[in-house]
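Asks: Handing over my_file-v8.pdb, PDB, C-alpha atoms, pLDDT in the B column.
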ATOM      1  CA  MET B   1     118.287 132.058 154.618  1.00 57.00           C
ATOM      2  CA  ASN B   2     118.836 131.745 150.990  1.00 60.00           C
ATOM      3  CA  PHE B   3     120.886 128.644 150.331  1.00 64.00           C
ATOM      4  CA  GLY B   4     120.430 128.579 146.555  1.00 59.00           C
ATOM      5  CA  ARG B   5     121.788 132.028 145.852  1.00 63.00           C
ATOM      6  CA  GLY B   6     124.056 131.273 143.034  1.00 61.00           C
ATOM      7  CA  ARG B   7     121.891 128.795 141.308  1.00 66.00           C
ATOM      8  CA  SER B   8     119.603 129.868 138.580  1.00 69.00           C
ATOM      9  CA  ARG B   9     116.158 128.358 138.492  1.00 73.00           C
ATOM     10  CA  GLU B  10     115.540 126.246 135.436  1.00 78.00           C
ATOM     11  CA  GLU B  11     112.169 126.607 133.828  1.00 81.00           C
ATOM     12  CA  PRO B  12     110.384 123.241 133.625  1.00 80.00           C
ATOM     13  CA  GLU B  13     109.739 122.207 130.013  1.00 82.00           C
ATOM     14  CA  ILE B  14     107.729 119.494 128.377  1.00 82.00           C
ATOM     15  CA  ASN B  15     109.579 117.513 125.765  1.00 87.00           C
ATOM     16  CA  LEU B  16     107.100 117.108 122.843  1.00 89.00           C
ATOM     17  CA  ILE B  17     109.226 114.911 120.574  1.00 91.00           C
ATOM     18  CA  PRO B  18     108.555 111.580 122.398  1.00 90.00           C
ATOM     19  CA  MET B  19     104.842 112.428 122.574  1.00 92.00           C
ATOM     20  CA  ILE B  20     104.738 113.110 118.813  1.00 93.00           C
ATOM     21  CA  ASP B  21     106.530 109.805 118.143  1.00 94.00           C
ATOM     22  CA  VAL B  22     103.996 107.897 120.212  1.00 94.00           C
ATOM     23  CA  LEU B  23     101.060 109.596 118.464  1.00 95.00           C
ATOM     24  CA  LEU B  24     102.514 108.826 115.032  1.00 96.00           C
ATOM     25  CA  VAL B  25     102.903 105.155 115.975  1.00 95.00           C
ATOM     26  CA  ILE B  26      99.263 105.077 117.168  1.00 95.00           C
ATOM     27  CA  ILE B  27      98.055 106.709 113.937  1.00 94.00           C
ATOM     28  CA  ILE B  28     100.037 104.235 111.808  1.00 93.00           C
ATOM     29  CA  PHE B  29      98.641 101.327 113.833  1.00 92.00           C
ATOM     30  CA  LEU B  30      95.072 102.571 113.387  1.00 90.00           C
ATOM     31  CA  MET B  31      95.578 103.077 109.657  1.00 87.00           C
ATOM     32  CA  LEU B  32      96.875  99.540 109.195  1.00 87.00           C
ATOM     33  CA  THR B  33      94.215  97.813 111.285  1.00 87.00           C
ATOM     34  CA  THR B  34      91.180  99.722 110.054  1.00 83.00           C
ATOM     35  CA  THR B  35      89.161  98.047 107.342  1.00 75.00           C
ATOM     36  CA  TYR B  36      87.716 100.309 104.755  1.00 71.00           C
ATOM     37  CA  SER B  37      84.465  99.255 103.164  1.00 70.00           C
ATOM     38  CA  ARG B  38      83.706 100.656  99.812  1.00 68.00           C
ATOM     39  CA  PHE B  39      80.073 100.479  98.860  1.00 65.00           C
ATOM     40  CA  ALA B  40      79.736 100.895  95.151  1.00 64.00           C
ATOM     41  CA  GLY B  41      76.248 101.231  93.901  1.00 62.00           C
ATOM     42  CA  LEU B  42      73.991 103.169  91.689  1.00 58.00           C
ATOM     43  CA  GLU B  43      70.913 104.920  92.890  1.00 63.00           C
ATOM     44  CA  ILE B  44      68.179 103.902  90.518  1.00 60.00           C
ATOM     45  CA  ASN B  45      64.564 104.932  90.550  1.00 64.00           C
ATOM     46  CA  LEU B  46      62.670 102.082  88.960  1.00 62.00           C
ATOM     47  CA  PRO B  47      59.601 102.786  86.856  1.00 66.00           C
ATOM     48  CA  THR B  48      56.190 101.805  88.110  1.00 69.00           C
ATOM     49  CA  ALA B  49      53.399 100.047  86.269  1.00 64.00           C
ATOM     50  CA  ASP B  50      49.711  99.653  86.916  1.00 66.00           C
ATOM     51  CA  ALA B  51      49.330  96.391  85.009  1.00 62.00           C
ATOM     52  CA  GLN B  52      47.447  93.563  86.634  1.00 65.00           C
ATOM     53  CA  ALA B  53      49.199  90.365  87.560  1.00 61.00           C
ATOM     54  CA  SER B  54      49.197  87.722  84.872  1.00 60.00           C
ATOM     55  CA  ASN B  55      46.715  84.911  85.332  1.00 60.00           C
ATOM     56  CA  ASP B  56      48.755  82.583  83.128  1.00 63.00           C
ATOM     57  CA  LYS B  57      49.699  79.591  85.184  1.00 75.00           C
ATOM     58  CA  GLN B  58      52.972  77.978  84.248  1.00 81.00           C
ATOM     59  CA  VAL B  59      52.705  74.416  82.988  1.00 85.00           C
ATOM     60  CA  GLU B  60      54.591  71.952  85.159  1.00 88.00           C
ATOM     61  CA  VAL B  61      55.619  68.453  84.161  1.00 89.00           C
ATOM     62  CA  ASN B  62      56.299  66.401  87.299  1.00 89.00           C
ATOM     63  CA  VAL B  63      58.675  63.526  86.682  1.00 90.00           C
ATOM     64  CA  ALA B  64      59.394  61.066  89.492  1.00 89.00           C
ATOM     65  CA  VAL B  65      62.309  58.642  89.485  1.00 88.00           C
ATOM     66  CA  THR B  66      61.930  55.837  92.024  1.00 86.00           C
ATOM     67  CA  ALA B  67      64.723  54.012  93.820  1.00 85.00           C
ATOM     68  CA  ALA B  68      64.116  51.032  91.534  1.00 84.00           C
ATOM     69  CA  GLY B  69      64.665  53.212  88.451  1.00 84.00           C
ATOM     70  CA  GLU B  70      61.032  53.484  87.344  1.00 87.00           C
ATOM     71  CA  VAL B  71      59.967  56.767  85.735  1.00 89.00           C
ATOM     72  CA  VAL B  72      56.557  58.325  86.406  1.00 89.00           C
ATOM     73  CA  VAL B  73      55.378  61.392  84.447  1.00 89.00           C
ATOM     74  CA  ASN B  74      52.477  63.307  86.064  1.00 88.00           C
ATOM     75  CA  LYS B  75      51.531  60.231  88.165  1.00 86.00           C
ATOM     76  CA  ARG B  76      51.446  57.958  85.099  1.00 87.00           C
ATOM     77  CA  PRO B  77      54.112  55.245  84.807  1.00 87.00           C
ATOM     78  CA  VAL B  78      56.057  55.317  81.566  1.00 88.00           C
ATOM     79  CA  ASN B  79      55.803  52.147  79.492  1.00 80.00           C
ATOM     80  CA  GLY B  80      59.262  51.122  78.413  1.00 69.00           C
ATOM     81  CA  GLY B  81      60.722  53.405  81.093  1.00 60.00           C
ATOM     82  CA  ALA B  82      64.265  52.353  80.297  1.00 68.00           C
ATOM     83  CA  ASN B  83      63.985  54.079  76.924  1.00 86.00           C
ATOM     84  CA  ILE B  84      64.802  57.807  76.655  1.00 89.00           C
ATOM     85  CA  GLN B  85      62.478  58.198  73.662  1.00 90.00           C
ATOM     86  CA  ALA B  86      59.563  56.723  75.644  1.00 89.00           C
ATOM     87  CA  ILE B  87      60.162  59.201  78.466  1.00 90.00           C
ATOM     88  CA  ALA B  88      60.365  62.090  75.972  1.00 90.00           C
ATOM     89  CA  ALA B  89      57.112  60.967  74.331  1.00 89.00           C
ATOM     90  CA  ALA B  90      55.387  60.781  77.724  1.00 89.00           C
ATOM     91  CA  MET B  91      56.570  64.315  78.547  1.00 89.00           C
ATOM     92  CA  GLN B  92      55.351  65.688  75.213  1.00 89.00           C
ATOM     93  CA  ALA B  93      51.988  63.988  75.736  1.00 89.00           C
ATOM     94  CA  VAL B  94      51.284  65.803  79.024  1.00 89.00           C
ATOM     95  CA  VAL B  95      52.272  69.268  77.750  1.00 88.00           C
ATOM     96  CA  PRO B  96      49.209  71.015  76.280  1.00 84.00           C
ATOM     97  CA  ALA B  97      49.510  72.469  72.799  1.00 82.00           C
ATOM     98  CA  GLY B  98      50.630  76.080  72.829  1.00 79.00           C
ATOM     99  CA  ALA B  99      51.952  75.915  76.391  1.00 78.00           C
ATOM    100  CA  LYS B 100      54.449  78.671  77.049  1.00 82.00           C
ATOM    101  CA  ASP B 101      57.761  77.577  78.619  1.00 84.00           C
ATOM    102  CA  PRO B 102      56.720  74.442  80.524  1.00 88.00           C
ATOM    103  CA  VAL B 103      58.920  73.500  83.479  1.00 90.00           C
ATOM    104  CA  VAL B 104      60.080  69.936  84.151  1.00 91.00           C
ATOM    105  CA  ILE B 105      60.276  69.211  87.884  1.00 90.00           C
ATOM    106  CA  ILE B 106      62.342  66.126  88.631  1.00 90.00           C
ATOM    107  CA  ASN B 107      61.545  64.321  91.896  1.00 88.00           C
ATOM    108  CA  ALA B 108      64.298  61.739  92.197  1.00 87.00           C
ATOM    109  CA  ASP B 109      64.571  59.310  95.069  1.00 86.00           C
ATOM    110  CA  ALA B 110      67.779  59.676  97.079  1.00 82.00           C
ATOM    111  CA  LYS B 111      68.706  56.088  96.205  1.00 83.00           C
ATOM    112  CA  ALA B 112      67.886  56.405  92.501  1.00 85.00           C
ATOM    113  CA  ALA B 113      70.738  55.848  90.077  1.00 86.00           C
ATOM    114  CA  HIS B 114      72.255  59.036  88.701  1.00 87.00           C
ATOM    115  CA  GLN B 115      72.005  57.617  85.196  1.00 89.00           C
ATOM    116  CA  ARG B 116      68.210  57.503  85.415  1.00 89.00           C
ATOM    117  CA  VAL B 117      68.103  61.199  86.338  1.00 89.00           C
ATOM    118  CA  ILE B 118      70.435  61.986  83.429  1.00 91.00           C
ATOM    119  CA  ASP B 119      68.134  59.946  81.152  1.00 91.00           C
ATOM    120  CA  VAL B 120      65.169  62.069  82.280  1.00 90.00           C
ATOM    121  CA  MET B 121      67.154  65.247  81.572  1.00 92.00           C
ATOM    122  CA  GLN B 122      68.075  63.977  78.093  1.00 93.00           C
ATOM    123  CA  ALA B 123      64.438  63.060  77.448  1.00 91.00           C
ATOM    124  CA  ALA B 124      63.362  66.574  78.450  1.00 91.00           C
ATOM    125  CA  GLN B 125      65.898  67.985  76.009  1.00 91.00           C
ATOM    126  CA  GLN B 126      64.625  65.739  73.225  1.00 90.00           C
ATOM    127  CA  ALA B 127      61.047  66.780  74.027  1.00 88.00           C
ATOM    128  CA  GLY B 128      62.062  70.451  73.677  1.00 88.00           C
ATOM    129  CA  LEU B 129      61.601  71.243  77.369  1.00 88.00           C
ATOM    130  CA  VAL B 130      64.530  73.409  78.394  1.00 86.00           C
ATOM    131  CA  HIS B 131      63.452  74.556  81.867  1.00 89.00           C
ATOM    132  CA  ILE B 132      64.379  71.870  84.397  1.00 90.00           C
ATOM    133  CA  SER B 133      64.108  72.059  88.177  1.00 88.00           C
ATOM    134  CA  PHE B 134      64.898  69.542  90.906  1.00 87.00           C
ATOM    135  CA  ALA B 135      62.572  69.075  93.863  1.00 84.00           C
ATOM    136  CA  THR B 136      64.248  68.720  97.233  1.00 76.00           C
ATOM    137  CA  GLN B 137      63.115  68.079 100.751  1.00 74.00           C
ATOM    138  CA  ALA B 138      64.152  70.230 103.689  1.00 69.00           C
ATOM    139  CA  VAL B 139      66.280  68.511 106.305  1.00 63.00           C
ATOM    140  CA  GLN B 140      64.598  68.446 109.701  1.00 67.00           C
ATOM    141  CA  ARG B 141      67.000  68.705 112.604  1.00 64.00           C
TER     142      ARG B 141
END
Go ahead and render the structure in this file as C-alpha cells.
Replies:
Amino acid sequence: MNFGRGRSREEPEINLIPMIDVLLVIIIFLMLTTTYSRFAGLEINLPTADAQASNDKQVEVNVAVTAAGEVVVNKRPVNGGANIQAIAAAMQAVVPAGAKDPVVIINADAKAAHQRVIDVMQAAQQAGLVHISFATQAVQR
C-alpha cells in the first residue's frame, strides 16, 4: 500500500547561514579577547675580548650616621661633626691621592635625622666625590 502517492519527497537540506553566523561570532570573540604580544628586539652579536680582569680595586669611603647624629668616616669619628666642611675634609683625608672614582657608601641609622644624611651628601659633593651609594639591610621575615 502506497499511502503517500501524490506527495513528492523533499530532499533534506542543511541550512548553512545560521552556522556561518555562529562561526563569525566565535571568530570575532576570539579576535577581541586574544592578546597579541609584540617582541621587538635586535639580534646583536657582541664582540669578545681576551683581556684579563682589572685588578684595580675601587676605593670606598664608608660614612656612618648614628641615631644621635654623629658622623663616622671609615671608623673614625669626625671632629666638629655638625659642620659640613669638617665632614668633607674627613672624606678627602681618607681618599688616597690619584684614586679613580671613589664611592661614598652611606650607612645611616634608621632613626637618624634626614638632615644629617643630606649634610653627608653635601659634604661628599664639596669633597668632589660624585658616586654615592646607600647601604641597606635585608628584611628578615
Asks: For Gln58 of chain B, which residue among B:Ile17, B:Val95, B:Ile106, B:Val120 is the nearest when counting all atoms listed in the file?
Replies: B:Val95
Asks: Can you tell me which residues surround Lys100 of chain B at a distance of at most 12 Å, considering all atoms listed in the file, apart from same-chain residues fewer than 4 positions away, and format the answer as a list in words?
Replies: Asp56, Lys57, Gln58, Val59, Glu60, Val95, Pro96, Gly128, Leu129, Val130 and His131 of chain B
Asks: Can you turn the PyMOL selection byres ((chain B and resi 109) around 6) into a concrete residue list for this file, as a VMD selection string?
Replies: chain B and resid 66 to 67 108 110 to 112
Asks: For each of B:Asn107, B:Val61, B:His114, B:Val94, take the minimum atom-to-atom distance to Thr136 of chain B, counting all atoms listed in the file, then give the residue where this is smallest.
Replies: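 Once distances to Thr136 of chain B are computed over all atoms listed in the file, the minimum belongs to B:Asn107.
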Asks: Run the PyMOL selection byres ((chain B and resi 116) around 10) against the file shown and list the residues it catches, as a list in words.
Replies: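 Applying the PyMOL selection byres ((chain B and resi 116) around 10) to the structure shown produces Val65, Thr66, Ala67, Ala68, Gly69, Glu70, Val71, Gly81, Ala82, Ile84, Ala108, Ala112, Ala113, His114, Gln115, Val117, Ile118, Asp119, Val120, Met121 and Gln122 of chain B.
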Asks: Record the distance separating atom CA of Ile14 of chain B and atom CA of Phe29 of chain B, expressed in Å with one decimal.
Replies: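 So the two atoms, atom CA of Ile14 of chain B and atom CA of Phe29 of chain B, lie 25.0 Å apart.
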Asks: Work out how far apart atom CA of Met91 of chain B and atom CA of Gln126 of chain B are and give it in Å to one decimal.
Replies: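 So the answer is 9.8 Å.
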Asks: Because some atoms of segment 92-123 of chain B are absent here, can you restore N, CA and C atoms and send them as a PDB file, in the frame of the given file?
Replies:
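Saved the output as result04.pdb:
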ATOM      1  N   GLN B  92      56.030  64.903  76.250  1.00 89.00           N
ATOM      2  CA  GLN B  92      55.351  65.688  75.213  1.00 89.00           C
ATOM      3  C   GLN B  92      53.844  65.486  75.269  1.00 89.00           C
ATOM      4  N   ALA B  93      53.417  64.281  75.691  1.00 89.00           N
ATOM      5  CA  ALA B  93      51.988  63.988  75.736  1.00 89.00           C
ATOM      6  C   ALA B  93      51.275  64.779  76.831  1.00 89.00           C
ATOM      7  N   VAL B  94      51.956  65.100  77.922  1.00 89.00           N
ATOM      8  CA  VAL B  94      51.284  65.803  79.024  1.00 89.00           C
ATOM      9  C   VAL B  94      51.350  67.325  78.873  1.00 89.00           C
ATOM     10  N   VAL B  95      52.181  67.820  77.958  1.00 88.00           N
ATOM     11  CA  VAL B  95      52.272  69.268  77.750  1.00 88.00           C
ATOM     12  C   VAL B  95      51.176  69.679  76.776  1.00 88.00           C
ATOM     13  N   PRO B  96      50.267  70.584  77.189  1.00 84.00           N
ATOM     14  CA  PRO B  96      49.209  71.015  76.280  1.00 84.00           C
ATOM     15  C   PRO B  96      49.781  71.802  75.099  1.00 84.00           C
ATOM     16  N   ALA B  97      49.063  71.760  73.994  1.00 82.00           N
ATOM     17  CA  ALA B  97      49.510  72.469  72.799  1.00 82.00           C
ATOM     18  C   ALA B  97      49.501  73.970  73.071  1.00 82.00           C
ATOM     19  N   GLY B  98      50.532  74.633  72.657  1.00 79.00           N
ATOM     20  CA  GLY B  98      50.630  76.080  72.829  1.00 79.00           C
ATOM     21  C   GLY B  98      51.052  76.504  74.227  1.00 79.00           C
ATOM     22  N   ALA B  99      51.498  75.566  75.039  1.00 78.00           N
ATOM     23  CA  ALA B  99      51.952  75.915  76.391  1.00 78.00           C
ATOM     24  C   ALA B  99      53.232  76.721  76.288  1.00 78.00           C
ATOM     25  N   LYS B 100      53.296  77.763  77.106  1.00 82.00           N
ATOM     26  CA  LYS B 100      54.449  78.671  77.049  1.00 82.00           C
ATOM     27  C   LYS B 100      55.450  78.296  78.131  1.00 82.00           C
ATOM     28  N   ASP B 101      56.640  77.908  77.736  1.00 84.00           N
ATOM     29  CA  ASP B 101      57.761  77.577  78.619  1.00 84.00           C
ATOM     30  C   ASP B 101      57.375  76.629  79.754  1.00 84.00           C
ATOM     31  N   PRO B 102      57.021  75.383  79.449  1.00 88.00           N
ATOM     32  CA  PRO B 102      56.720  74.442  80.524  1.00 88.00           C
ATOM     33  C   PRO B 102      57.983  74.107  81.311  1.00 88.00           C
ATOM     34  N   VAL B 103      57.802  73.795  82.585  1.00 90.00           N
ATOM     35  CA  VAL B 103      58.920  73.500  83.479  1.00 90.00           C
ATOM     36  C   VAL B 103      58.862  72.027  83.859  1.00 90.00           C
ATOM     37  N   VAL B 104      59.982  71.338  83.741  1.00 91.00           N
ATOM     38  CA  VAL B 104      60.080  69.936  84.151  1.00 91.00           C
ATOM     39  C   VAL B 104      60.622  69.917  85.573  1.00 91.00           C
ATOM     40  N   ILE B 105      59.850  69.335  86.492  1.00 90.00           N
ATOM     41  CA  ILE B 105      60.276  69.211  87.884  1.00 90.00           C
ATOM     42  C   ILE B 105      60.612  67.748  88.128  1.00 90.00           C
ATOM     43  N   ILE B 106      61.872  67.496  88.434  1.00 90.00           N
ATOM     44  CA  ILE B 106      62.342  66.126  88.631  1.00 90.00           C
ATOM     45  C   ILE B 106      62.355  65.834  90.125  1.00 90.00           C
ATOM     46  N   ASN B 107      61.571  64.821  90.515  1.00 88.00           N
ATOM     47  CA  ASN B 107      61.545  64.321  91.896  1.00 88.00           C
ATOM     48  C   ASN B 107      62.265  62.978  91.903  1.00 88.00           C
ATOM     49  N   ALA B 108      63.524  62.978  92.221  1.00 87.00           N
ATOM     50  CA  ALA B 108      64.298  61.739  92.197  1.00 87.00           C
ATOM     51  C   ALA B 108      64.493  61.233  93.614  1.00 87.00           C
ATOM     52  N   ASP B 109      64.328  59.939  93.778  1.00 86.00           N
ATOM     53  CA  ASP B 109      64.571  59.310  95.069  1.00 86.00           C
ATOM     54  C   ASP B 109      66.060  59.428  95.395  1.00 86.00           C
ATOM     55  N   ALA B 110      66.378  59.524  96.679  1.00 82.00           N
ATOM     56  CA  ALA B 110      67.779  59.676  97.079  1.00 82.00           C
ATOM     57  C   ALA B 110      68.616  58.466  96.681  1.00 82.00           C
ATOM     58  N   LYS B 111      67.968  57.303  96.552  1.00 83.00           N
ATOM     59  CA  LYS B 111      68.706  56.088  96.205  1.00 83.00           C
ATOM     60  C   LYS B 111      68.595  55.746  94.723  1.00 83.00           C
ATOM     61  N   ALA B 112      68.001  56.639  93.944  1.00 85.00           N
ATOM     62  CA  ALA B 112      67.886  56.405  92.501  1.00 85.00           C
ATOM     63  C   ALA B 112      69.257  56.551  91.851  1.00 85.00           C
ATOM     64  N   ALA B 113      69.462  55.779  90.798  1.00 86.00           N
ATOM     65  CA  ALA B 113      70.738  55.848  90.077  1.00 86.00           C
ATOM     66  C   ALA B 113      70.850  57.187  89.354  1.00 86.00           C
ATOM     67  N   HIS B 114      72.031  57.752  89.369  1.00 87.00           N
ATOM     68  CA  HIS B 114      72.255  59.036  88.701  1.00 87.00           C
ATOM     69  C   HIS B 114      71.948  58.940  87.204  1.00 87.00           C
ATOM     70  N   GLN B 115      72.225  57.786  86.626  1.00 89.00           N
ATOM     71  CA  GLN B 115      72.005  57.617  85.196  1.00 89.00           C
ATOM     72  C   GLN B 115      70.538  57.789  84.831  1.00 89.00           C
ATOM     73  N   ARG B 116      69.637  57.347  85.700  1.00 89.00           N
ATOM     74  CA  ARG B 116      68.210  57.503  85.415  1.00 89.00           C
ATOM     75  C   ARG B 116      67.826  58.981  85.401  1.00 89.00           C
ATOM     76  N   VAL B 117      68.389  59.761  86.307  1.00 89.00           N
ATOM     77  CA  VAL B 117      68.103  61.199  86.338  1.00 89.00           C
ATOM     78  C   VAL B 117      68.662  61.866  85.081  1.00 89.00           C
ATOM     79  N   ILE B 118      69.845  61.453  84.661  1.00 91.00           N
ATOM     80  CA  ILE B 118      70.435  61.986  83.429  1.00 91.00           C
ATOM     81  C   ILE B 118      69.576  61.601  82.227  1.00 91.00           C
ATOM     82  N   ASP B 119      69.027  60.379  82.239  1.00 91.00           N
ATOM     83  CA  ASP B 119      68.134  59.946  81.152  1.00 91.00           C
ATOM     84  C   ASP B 119      66.897  60.844  81.089  1.00 91.00           C
ATOM     85  N   VAL B 120      66.343  61.186  82.242  1.00 90.00           N
ATOM     86  CA  VAL B 120      65.169  62.069  82.280  1.00 90.00           C
ATOM     87  C   VAL B 120      65.536  63.451  81.734  1.00 90.00           C
ATOM     88  N   MET B 121      66.719  63.939  82.078  1.00 92.00           N
ATOM     89  CA  MET B 121      67.154  65.247  81.572  1.00 92.00           C
ATOM     90  C   MET B 121      67.343  65.200  80.053  1.00 92.00           C
ATOM     91  N   GLN B 122      67.909  64.118  79.542  1.00 93.00           N
ATOM     92  CA  GLN B 122      68.075  63.977  78.093  1.00 93.00           C
ATOM     93  C   GLN B 122      66.718  63.874  77.398  1.00 93.00           C
ATOM     94  N   ALA B 123      65.776  63.180  78.021  1.00 91.00           N
ATOM     95  CA  ALA B 123      64.438  63.060  77.448  1.00 91.00           C
ATOM     96  C   ALA B 123      63.754  64.423  77.406  1.00 91.00           C
TER      97      ALA B 123
END
